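A.B. asks: Structure provided below as structure tokens; questions to follow.
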Amino acid sequence: MNSPTNRPSVTQTSAAFIGASWVALLVGFAAFNIGLWNAPMALNEKGYYFTVLMYGLFAAISVQKSVRDRLEGIPVTNLYYGISWVSVLLTVLLLTVGLWNATLTLSEKGFYAMAFVLSLFAAIAVQKNTRDTLKQESVELEPIA
């Protein structure tokens, strides 16, 4: 839908949603890593879980970016799009297998799973909000013809 000045309209994301997204990302990321810091597991096991979290965050952002690019007509190769989705699924599988085989209580396993899922979801929301904000700013800066 275009505004009367023939500019494309861009819905502005609310400050509350932007703030909630950042808080969710920071809480999920911090909780996961504080749990790792205090966990009685070997350093290599902690490194495994940290790497899975970081890879998952990157993959989730890549999926959001490639989906959004496609919707906006920006070319995205099928290879990158596919690798992004496979990466997200792989991180979930890696975390699941790691937690399944870990010598942790069920509540600890649930804690890590929930902190991981919260972090992935929040990373997608933060990326979406960032993209929406940049798009809004670029529309506002365009000269009126």
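The chains in the structure tokens are called A, B, ... from first to last as shown; in each chain the residues are counted from 1, and the ligands are counted from 1 in the order shown.
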Got a sec to tell me which of segment 3-143 of chain A DSSP assigns to helix (DSSP H, G or I), as a PyMOL selection string?

C.D. replies: chain A and resi 15-38+43-71+78-101+106-141

A.B. asks: Tell me, in Å to one decimal, how far atom CA of Leu120 of chain A is from atom CA of Ser87 of chain A.

C.D. replies: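 Value for the atom CA of Leu120 of chain A-atom CA of Ser87 of chain A distance: 12.1 Å.
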
A.B. asks: Compile the contact shell of Lys128 of chain A as an MDAnalysis selection string: residues with an atom at most 9 Å away, counting only C-alpha atoms, same-chain residues fewer than 5 positions apart removed.

C.D. replies: chainID A and resid 61 64:65 68 123 133

A.B. asks: Could those selected residues go to a file with C-alpha atoms, as a PDB file, in the first residue's frame?

C.D. replies:
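To be explicit, this is the file written out as again.pdb:
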ATOM      1  CA  ILE A  61      19.831 -14.952  11.601  1.00  0.00           C
ATOM      2  CA  GLN A  64      15.644 -14.776   8.661  1.00  0.00           C
ATOM      3  CA  LYS A  65      17.808 -12.693   6.345  1.00  0.00           C
ATOM      4  CA  ARG A  68      13.325 -11.632   4.018  1.00  0.00           C
ATOM      5  CA  ALA A 123      17.867 -13.571  17.428  1.00  0.00           C
ATOM      6  CA  THR A 133      14.177  -0.079  11.374  1.00  0.00           C
TER       7      THR A 133
END

A.B. asks: Of the candidates A:Leu53, A:Ile74, A:Ala20, A:Ala102, which one gets nearest to Ser119 of chain A if we count only C-alpha atoms?

C.D. replies: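 Of A:Leu53, A:Ile74, A:Ala20, A:Ala102, the one nearest Ser119 of chain A, counting only C-alpha atoms, is A:Leu53.
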
A.B. asks: Could you work out how far atom CA of Gly28 of chain A lies from atom CA of Ala115 of chain A, giving the answer in Å with one decimal?

C.D. replies: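 Taking atom CA of Ala115 of chain A as the start and atom CA of Gly28 of chain A as the end point, the length is 4.7 Å.
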
A.B. asks: To one decimal place, how far is atom CA of Val67 of chain A from atom CA of Lys135 of chain A in Å?

C.D. replies: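 Atom CA of Lys135 of chain A lies 15.6 Å from atom CA of Val67 of chain A.
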